[in-house]
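Asks: Take a look at model.cif, mmCIF, C-alpha atoms:
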data_final
#
loop_
_atom_site.label_atom_id
_atom_site.label_comp_id
_atom_site.auth_asym_id
_atom_site.auth_seq_id
_atom_site.Cartn_x
_atom_site.Cartn_y
_atom_site.Cartn_z
CA MET A 4 -37.72 19.10 41.41
CA ASN A 5 -38.26 21.72 44.07
CA ALA A 6 -38.12 24.44 41.41
CA ILE A 7 -40.65 22.55 39.24
CA SER A 8 -42.98 22.01 42.16
CA THR A 9 -42.77 25.66 43.07
CA ALA A 10 -43.60 26.70 39.49
CA ILE A 11 -46.59 24.35 39.34
CA ALA A 12 -47.88 25.70 42.65
CA ALA A 13 -47.57 29.26 41.39
CA VAL A 14 -49.53 28.40 38.23
CA LEU A 15 -52.29 26.70 40.24
CA LEU A 16 -52.49 29.68 42.63
CA ALA A 17 -52.79 32.13 39.70
CA ALA A 18 -55.58 30.03 38.16
CA ALA A 19 -57.49 29.97 41.45
CA VAL A 20 -57.19 33.75 41.77
CA SER A 21 -58.55 34.19 38.21
CA VAL A 22 -61.55 31.96 38.90
CA ALA A 23 -62.33 33.83 42.10
CA ALA A 24 -62.13 37.19 40.30
CA ALA A 25 -64.48 35.98 37.55
CA GLN A 26 -67.03 34.82 40.12
CA THR A 27 -66.83 38.17 41.89
CA GLN A 28 -67.52 40.07 38.65
CA SER A 29 -70.51 37.90 37.52
CA PRO A 30 -74.04 39.44 37.84
CA PRO A 31 -75.69 38.77 41.20
CA THR A 32 -78.70 36.46 41.26
CA SER A 33 -80.84 38.86 43.31
CA THR A 34 -84.57 39.42 42.86
CA ASP A 35 -84.22 43.04 41.78
CA PRO A 36 -87.54 43.70 39.95
CA SER A 37 -85.83 45.99 37.42
CA SER A 38 -83.56 43.14 36.26
CA ALA A 39 -86.46 40.88 35.27
CA SER A 40 -86.76 40.43 31.52
CA SER A 41 -90.56 40.60 31.16
CA PRO A 42 -93.54 42.35 32.80
CA HIS A 43 -94.71 39.05 34.28
CA GLN A 44 -91.28 38.43 35.77
CA ARG A 45 -91.22 41.96 37.19
CA GLN A 46 -94.65 41.39 38.74
CA ALA A 47 -93.50 38.09 40.22
CA THR A 48 -90.45 39.70 41.80
CA GLY A 49 -92.20 42.82 43.09
CA SER A 50 -92.95 44.98 40.06
CA GLY A 51 -91.71 48.50 39.42
CA THR A 52 -94.11 51.44 39.51
CA GLU A 53 -94.96 51.17 35.82
CA GLU A 54 -96.33 47.67 36.35
CA THR A 55 -98.16 48.32 39.61
CA GLN A 56 -101.87 47.52 39.44
CA PRO A 57 -104.40 50.20 40.53
CA SER A 58 -105.20 50.13 44.19
CA ASN A 59 -108.68 49.79 45.63
CA GLY A 60 -108.55 53.25 47.15
CA ALA A 61 -111.16 55.93 46.66
CA ASP A 62 -109.28 57.91 44.02
CA PRO A 63 -111.92 58.69 41.36
CA SER A 64 -109.31 58.85 38.59
CA ALA A 65 -108.32 55.22 39.27
CA ALA A 66 -111.82 53.85 38.62
CA SER A 67 -112.18 51.83 35.44
CA THR A 68 -115.58 53.12 34.24
CA PRO A 69 -117.39 56.49 34.22
CA HIS A 70 -120.08 55.11 36.52
CA GLN A 71 -117.48 53.94 39.05
CA ARG A 72 -115.80 57.35 39.00
CA GLN A 73 -119.12 59.10 39.41
CA ALA A 74 -120.10 56.83 42.28
CA MET A 75 -116.87 57.68 44.11
CA THR A 76 -117.49 61.39 43.84
CA GLY A 77 -121.27 61.47 44.25
CA GLY A 78 -123.95 58.81 44.06
CA SER A 79 -123.66 55.43 45.70
CA GLU A 80 -123.52 52.24 43.67
CA ALA A 81 -127.18 51.60 44.50
CA ASP A 82 -128.14 55.11 43.36
CA MET A 83 -126.28 54.68 40.09
CA SER A 84 -127.85 51.29 39.42
CA ALA A 85 -131.35 52.59 40.17
CA ALA A 86 -130.82 55.57 37.85
CA ALA A 87 -129.59 53.36 35.03
CA THR A 88 -132.59 51.07 35.45
CA ALA A 89 -135.01 54.03 35.42
CA GLY A 90 -133.44 55.40 32.25
CA ALA A 91 -133.96 52.15 30.36
CA THR A 92 -137.76 52.49 30.15
CA PRO A 93 -139.37 55.57 28.53
CA ALA A 94 -142.13 56.02 31.14
CA THR A 95 -139.82 55.69 34.14
CA PHE A 96 -137.22 57.89 32.51
CA VAL A 97 -139.74 60.68 31.99
CA LYS A 98 -141.03 60.42 35.57
CA THR A 99 -137.56 60.27 37.14
CA ALA A 100 -136.03 63.00 34.98
CA ALA A 101 -139.01 65.31 35.60
CA GLN A 102 -138.92 64.82 39.38
CA ASP A 103 -135.16 65.30 39.52
CA GLY A 104 -135.29 68.32 37.21
CA MET A 105 -137.99 70.06 39.26
CA THR A 106 -136.01 69.35 42.42
CA GLU A 107 -132.86 70.83 40.90
CA VAL A 108 -134.75 74.05 40.16
CA ALA A 109 -136.39 74.16 43.61
CA VAL A 110 -133.15 73.78 45.58
CA ALA A 111 -131.32 76.16 43.24
CA LYS A 112 -133.92 78.83 43.96
CA LEU A 113 -133.37 78.19 47.67
CA ALA A 114 -129.64 78.72 47.12
CA LEU A 115 -130.30 82.03 45.41
CA GLU A 116 -132.34 83.13 48.43
CA LYS A 117 -130.31 81.67 51.31
CA SER A 118 -126.65 81.56 50.25
CA GLY A 119 -124.25 84.44 50.71
CA ASN A 120 -121.57 82.76 48.62
CA ASP A 121 -121.11 84.10 45.09
CA GLU A 122 -119.82 80.78 43.76
CA VAL A 123 -122.89 78.96 45.08
CA LYS A 124 -125.23 81.63 43.67
CA GLN A 125 -123.65 81.52 40.21
CA PHE A 126 -123.91 77.75 40.13
CA ALA A 127 -127.53 77.89 41.32
CA GLN A 128 -128.45 80.42 38.65
CA LYS A 129 -127.09 78.11 35.96
CA MET A 130 -129.07 75.21 37.42
CA VAL A 131 -132.32 77.19 37.25
CA HIS A 132 -131.72 78.21 33.63
CA ASP A 133 -130.50 74.85 32.29
CA HIS A 134 -132.93 72.60 34.16
CA GLU A 135 -136.02 74.71 33.45
CA GLN A 136 -135.08 74.55 29.77
CA ALA A 137 -134.51 70.77 29.87
CA ASN A 138 -137.71 70.21 31.85
CA ALA A 139 -139.74 72.10 29.21
CA GLN A 140 -138.20 70.06 26.38
CA LEU A 141 -138.83 66.78 28.19
CA THR A 142 -142.46 67.72 28.88
CA GLN A 143 -143.08 68.54 25.24
CA ILE A 144 -141.61 65.25 24.01
CA ALA A 145 -143.39 63.16 26.65
CA LYS A 146 -146.82 64.70 26.05
CA SER A 147 -146.50 64.10 22.33
CA LYS A 148 -146.20 60.41 23.15
CA GLY A 149 -149.01 60.31 25.70
CA LEU A 150 -146.59 59.78 28.60
CA THR A 151 -147.51 61.18 32.01
CA VAL A 152 -145.27 64.01 33.19
CA PRO A 153 -145.25 64.93 36.91
CA THR A 154 -146.18 68.55 37.57
CA LYS A 155 -145.28 68.66 41.27
CA LEU A 156 -142.72 67.02 43.54
CA ASP A 157 -143.51 63.68 45.10
CA ALA A 158 -143.22 63.15 48.87
CA LYS A 159 -139.58 62.04 48.70
CA HIS A 160 -138.35 65.05 46.76
CA GLU A 161 -140.56 67.46 48.66
CA ALA A 162 -139.08 66.24 51.97
CA MET A 163 -135.56 66.78 50.62
CA VAL A 164 -136.34 70.36 49.59
CA LYS A 165 -137.96 71.03 52.97
CA SER A 166 -134.92 69.66 54.79
CA MET A 167 -132.63 71.87 52.71
CA SER A 168 -134.74 74.95 53.42
CA ALA A 169 -134.17 74.49 57.17
CA ARG A 170 -130.45 75.18 56.74
CA SER A 171 -128.70 78.51 56.37
CA GLY A 172 -125.27 80.07 55.90
CA ALA A 173 -122.26 77.79 55.48
CA ALA A 174 -124.29 74.76 56.54
CA PHE A 175 -126.70 75.35 53.67
CA ASP A 176 -123.88 75.83 51.17
CA ALA A 177 -122.19 72.59 52.22
CA SER A 178 -125.45 70.62 52.11
CA TYR A 179 -126.46 72.10 48.76
CA ALA A 180 -123.07 71.37 47.18
CA ALA A 181 -123.06 67.79 48.48
CA HIS A 182 -126.56 67.22 47.14
CA MET A 183 -125.61 68.65 43.75
CA ALA A 184 -122.59 66.34 43.44
CA LYS A 185 -124.73 63.30 44.22
CA ALA A 186 -127.72 64.40 42.13
CA HIS A 187 -125.65 65.03 39.02
CA ALA A 188 -123.80 61.74 39.33
CA THR A 189 -127.10 59.89 39.21
CA ALA A 190 -128.47 62.24 36.53
CA VAL A 191 -125.58 61.37 34.23
CA ALA A 192 -126.23 57.65 34.82
CA LEU A 193 -129.95 58.16 34.14
CA PHE A 194 -129.37 60.03 30.87
CA GLU A 195 -126.62 57.68 29.71
CA SER A 196 -129.09 54.84 30.02
CA ALA A 197 -131.88 56.81 28.33
CA SER A 198 -129.57 57.71 25.45
CA LYS A 199 -129.94 54.05 24.40
CA SER A 200 -133.73 54.11 24.80
CA SER A 201 -136.03 52.22 22.45
CA ASP A 202 -137.82 55.53 21.91
CA PRO A 203 -135.74 57.50 19.37
CA ASP A 204 -137.03 60.92 20.45
CA LEU A 205 -136.25 60.36 24.12
CA ALA A 206 -132.90 58.85 23.18
CA ALA A 207 -132.07 61.95 21.12
CA PHE A 208 -133.15 64.23 23.97
CA ALA A 209 -130.96 62.31 26.43
CA GLN A 210 -127.97 62.42 24.08
CA LYS A 211 -128.41 66.16 23.57
CA THR A 212 -128.77 66.88 27.30
CA LEU A 213 -126.02 64.57 28.57
CA PRO A 214 -123.03 66.87 27.82
CA THR A 215 -124.68 69.68 29.81
CA LEU A 216 -125.24 67.35 32.76
CA GLU A 217 -121.60 66.23 32.61
CA VAL A 218 -120.50 69.86 32.82
CA HIS A 219 -122.89 70.34 35.75
CA LYS A 220 -121.33 67.31 37.44
CA GLN A 221 -117.82 68.75 37.12
CA MET A 222 -119.00 72.10 38.47
CA ALA A 223 -120.84 70.41 41.36
CA ASP A 224 -117.77 68.39 42.31
CA SER A 225 -115.66 71.56 42.33
CA LEU A 226 -118.26 73.41 44.40
CA HIS A 227 -118.48 70.51 46.83
CA ALA A 228 -114.70 70.48 47.28
CA SER A 229 -114.52 74.24 47.86
CA THR A 230 -117.37 74.26 50.41
CA GLN A 231 -115.74 71.39 52.29
CA THR A 232 -112.48 73.34 52.40
CA ARG A 233 -114.23 76.46 53.72
CA GLU A 234 -116.15 74.41 56.29
CA ALA A 235 -112.94 72.75 57.52
CA SER A 236 -111.17 76.11 57.74
CA ALA A 237 -114.04 77.59 59.75
CA ALA A 238 -114.05 74.63 62.12
CA HIS A 239 -110.29 74.93 62.59
CA ALA A 240 -110.54 78.64 63.32
CA ALA A 241 -113.32 78.05 65.82
CA ALA A 242 -111.30 75.38 67.62
CA ALA A 243 -108.13 77.50 67.80
CA PRO A 244 -107.37 78.98 71.24
CA GLN A 245 -108.29 82.65 71.56
#
As structure tokens, what does this structure read like?
Replies:
Amino acid sequence: MNAISTAIAAVLLAAAVSVAAAQTQSPPTSTDPSSASSPHQRQATGSGTEETQPSNGADPSAASTPHQRQAMTGGSEADMSAAATAGATPATFVKTAAQDGMTEVAVAKLALEKSGNDEVKQFAQKMVHDHEQANAQLTQIAKSKGLTVPTKLDAKHEAMVKSMSARSGAAFDASYAAHMAKAHATAVALFESASKSSDPDLAAFAQKTLPTLEVHKQMADSLHASTQTREASAAHAAAAPQ
């Protein structure tokens, strides 16, 4: 009997060891996001990077629409909305585009006179050429329809040009580049809206001009970034102990 009891005990002990080993080898029931079987499960458990939703930061590339990206790198939301509204009506589009176009030429000519930076001067020269050409085309189309085209800057735009003319050197370059980034963000919004105009001729003009304005916007953003970098470097050098 003692031998039988001993044998039974040994069998029971071996079985217990086997069960314990099986439990040890079974998958853990952790909340590792990568082990979830569906995207929703991964989100619920703390999703991996491929499921992470875009943050609300100011990264222009994370914005969901062109207008949102433009607003982050130039015009404010209010500016963009006002530009889109102006572009929706032929008369207001002509007035706004003409005022903005004349202003672009005026401040570009200031840049050619006041800036010592080759990059700024090259950009300004392109602005004079492209915007004078666009302004002439707009004037021709508008007059053929009996729409009033401004021939001089209004008080708002004149004050902006005057303020810009008071600056010089690096301060002028930085101000000019910042203004260009903002102005072209709103210009793109204005022309995008006008490209859907009820007037087919103005819509065609807006559609034709829009790609040029988008290139201007990219150039203005690049110029703005480079002038900010130079301004920061100059400030750092000035603050460094002699």
Asks: Name the closest residue to Leu156 (chain A) among the candidates A:Glu107, A:Glu80, A:Asp202, A:Asp133; distances are taken between atoms, counting all atoms listed in the file.
Replies: A:Glu107
Asks: Take CA of Phe96 (chain A) and CA of Asp224 (chain A) and report the distance between them in Å, one decimal.
Replies: 24.2 Å
Asks: Enter the distance from CA of Lys220 (chain A) to CA of Asp103 (chain A), in Å, rounded to one decimal.
Replies: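 A separation of 14.1 Å between them.
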Asks: What does the PyMOL selection byres ((chain A and resi 191) around 8) select in this file, as a VMD selection string?
Replies: chain A and resid 187 to 190 192 to 195 213 216 to 217 220
Asks: List the residues matched by the PyMOL selection byres ((chain A and resi 114-118) around 9) in the displayed structure as a PyMOL selection string, ordered by chain and then by residue number.
Replies: chain A and resi 109-113+119-121+123-125+127-128+168+170-173+175-176+179
Asks: Measuring atom to atom with all atoms listed in the file, identify which of A:Ser229, A:Ser201, A:Ser84, A:Ser166 is nearest to Ala180 (chain A).
Replies: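 The shortest atom-to-atom distance to Ala180 (chain A) comes from A:Ser229.
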Asks: Quick one: pull the distance between CA of Leu150 (chain A) and CA of Ala94 (chain A), Å, one decimal.
Replies: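 If I compute the distance from CA of Leu150 (chain A) to CA of Ala94 (chain A), I get 6.4 Å.
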Asks: Let me make sure I understand: among A:Gln143, A:Ser178, A:Thr95, A:Thr154, which one has the smallest atom-to-atom distance to Ala228 (chain A) if we use all atoms listed in the file?
Replies: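 Selected residue with least distance to Ala228 (chain A): A:Ser178.
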Asks: How big is the axis-aligned box around the listed atoms of region 141-156 of chain A once 4 Å is added on each side, and where is its centre? Give both in Å to one decimal, as AutoDock Vina command-line options.
Replies:
--center_x -143.9 --center_y 64.2 --center_z 32.9 --size_x 18.2 --size_y 16.9 --size_z 29.2
Asks: Find the residue from A:Ala101, A:Met83, A:Ala139, A:Ile144 that sits nearest to Phe208 (chain A); use only C-alpha atoms when measuring.
Replies: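 Counting only C-alpha atoms, the residue closest to Phe208 (chain A) is A:Ile144.
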Asks: Between A:Val108, A:Ala174, A:Ala186, A:Ala209, single out the one closest to Pro93 (chain A), counting all atoms listed in the file.
Replies: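 Under the stated criterion, the closest residue is A:Ala209.
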Asks: Determine the nearest neighbour of Glu135 (chain A) from the options A:Ala177, A:Leu205, A:Val218, A:Met105, counting only C-alpha atoms.
Replies: A:Met105
Asks: For region 210-224 of chain A, where the input has fewer atoms than it should, I would like N, CA, C and O atoms rebuilt and written as a PDB file, in the frame of the given file.
Replies:
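Output file rebuild_15.pdb follows:
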ATOM      1  N   GLN A 210    -129.302  62.208  24.666  1.00  0.00           N
ATOM      2  CA  GLN A 210    -127.970  62.420  24.080  1.00  0.00           C
ATOM      3  C   GLN A 210    -127.626  63.907  24.004  1.00  0.00           C
ATOM      4  O   GLN A 210    -126.492  64.301  24.244  1.00  0.00           O
ATOM      5  N   LYS A 211    -128.626  64.725  23.686  1.00  0.00           N
ATOM      6  CA  LYS A 211    -128.410  66.160  23.570  1.00  0.00           C
ATOM      7  C   LYS A 211    -128.153  66.802  24.939  1.00  0.00           C
ATOM      8  O   LYS A 211    -127.333  67.722  25.067  1.00  0.00           O
ATOM      9  N   THR A 212    -128.849  66.298  25.960  1.00  0.00           N
ATOM     10  CA  THR A 212    -128.770  66.880  27.300  1.00  0.00           C
ATOM     11  C   THR A 212    -127.559  66.390  28.087  1.00  0.00           C
ATOM     12  O   THR A 212    -127.054  67.098  28.969  1.00  0.00           O
ATOM     13  N   LEU A 213    -127.091  65.212  27.787  1.00  0.00           N
ATOM     14  CA  LEU A 213    -126.020  64.570  28.570  1.00  0.00           C
ATOM     15  C   LEU A 213    -124.760  65.423  28.706  1.00  0.00           C
ATOM     16  O   LEU A 213    -124.224  65.550  29.823  1.00  0.00           O
ATOM     17  N   PRO A 214    -124.240  66.050  27.643  1.00  0.00           N
ATOM     18  CA  PRO A 214    -123.030  66.870  27.820  1.00  0.00           C
ATOM     19  C   PRO A 214    -123.216  68.008  28.823  1.00  0.00           C
ATOM     20  O   PRO A 214    -122.295  68.324  29.577  1.00  0.00           O
ATOM     21  N   THR A 215    -124.402  68.613  28.841  1.00  0.00           N
ATOM     22  CA  THR A 215    -124.680  69.680  29.810  1.00  0.00           C
ATOM     23  C   THR A 215    -124.646  69.131  31.230  1.00  0.00           C
ATOM     24  O   THR A 215    -124.080  69.761  32.143  1.00  0.00           O
ATOM     25  N   LEU A 216    -125.234  67.955  31.428  1.00  0.00           N
ATOM     26  CA  LEU A 216    -125.240  67.350  32.760  1.00  0.00           C
ATOM     27  C   LEU A 216    -123.821  66.980  33.204  1.00  0.00           C
ATOM     28  O   LEU A 216    -123.491  67.070  34.393  1.00  0.00           O
ATOM     29  N   GLU A 217    -122.985  66.566  32.266  1.00  0.00           N
ATOM     30  CA  GLU A 217    -121.600  66.230  32.610  1.00  0.00           C
ATOM     31  C   GLU A 217    -120.833  67.465  33.050  1.00  0.00           C
ATOM     32  O   GLU A 217    -120.011  67.403  33.969  1.00  0.00           O
ATOM     33  N   VAL A 218    -121.109  68.599  32.394  1.00  0.00           N
ATOM     34  CA  VAL A 218    -120.500  69.860  32.820  1.00  0.00           C
ATOM     35  C   VAL A 218    -121.019  70.233  34.212  1.00  0.00           C
ATOM     36  O   VAL A 218    -120.250  70.655  35.083  1.00  0.00           O
ATOM     37  N   HIS A 219    -122.314  70.080  34.430  1.00  0.00           N
ATOM     38  CA  HIS A 219    -122.890  70.340  35.750  1.00  0.00           C
ATOM     39  C   HIS A 219    -122.206  69.494  36.820  1.00  0.00           C
ATOM     40  O   HIS A 219    -121.936  69.962  37.928  1.00  0.00           O
ATOM     41  N   LYS A 220    -121.957  68.233  36.477  1.00  0.00           N
ATOM     42  CA  LYS A 220    -121.330  67.310  37.440  1.00  0.00           C
ATOM     43  C   LYS A 220    -119.939  67.808  37.818  1.00  0.00           C
ATOM     44  O   LYS A 220    -119.560  67.797  38.998  1.00  0.00           O
ATOM     45  N   GLN A 221    -119.170  68.242  36.838  1.00  0.00           N
ATOM     46  CA  GLN A 221    -117.820  68.750  37.120  1.00  0.00           C
ATOM     47  C   GLN A 221    -117.891  70.000  37.999  1.00  0.00           C
ATOM     48  O   GLN A 221    -117.111  70.157  38.941  1.00  0.00           O
ATOM     49  N   MET A 222    -118.835  70.894  37.679  1.00  0.00           N
ATOM     50  CA  MET A 222    -119.000  72.100  38.470  1.00  0.00           C
ATOM     51  C   MET A 222    -119.443  71.768  39.899  1.00  0.00           C
ATOM     52  O   MET A 222    -118.968  72.375  40.870  1.00  0.00           O
ATOM     53  N   ALA A 223    -120.351  70.802  40.034  1.00  0.00           N
ATOM     54  CA  ALA A 223    -120.840  70.410  41.360  1.00  0.00           C
ATOM     55  C   ALA A 223    -119.728  69.794  42.198  1.00  0.00           C
ATOM     56  O   ALA A 223    -119.626  70.062  43.402  1.00  0.00           O
ATOM     57  N   ASP A 224    -118.895  68.985  41.572  1.00  0.00           N
ATOM     58  CA  ASP A 224    -117.770  68.390  42.310  1.00  0.00           C
ATOM     59  C   ASP A 224    -116.818  69.475  42.797  1.00  0.00           C
ATOM     60  O   ASP A 224    -116.315  69.418  43.928  1.00  0.00           O
TER      61      ASP A 224
END
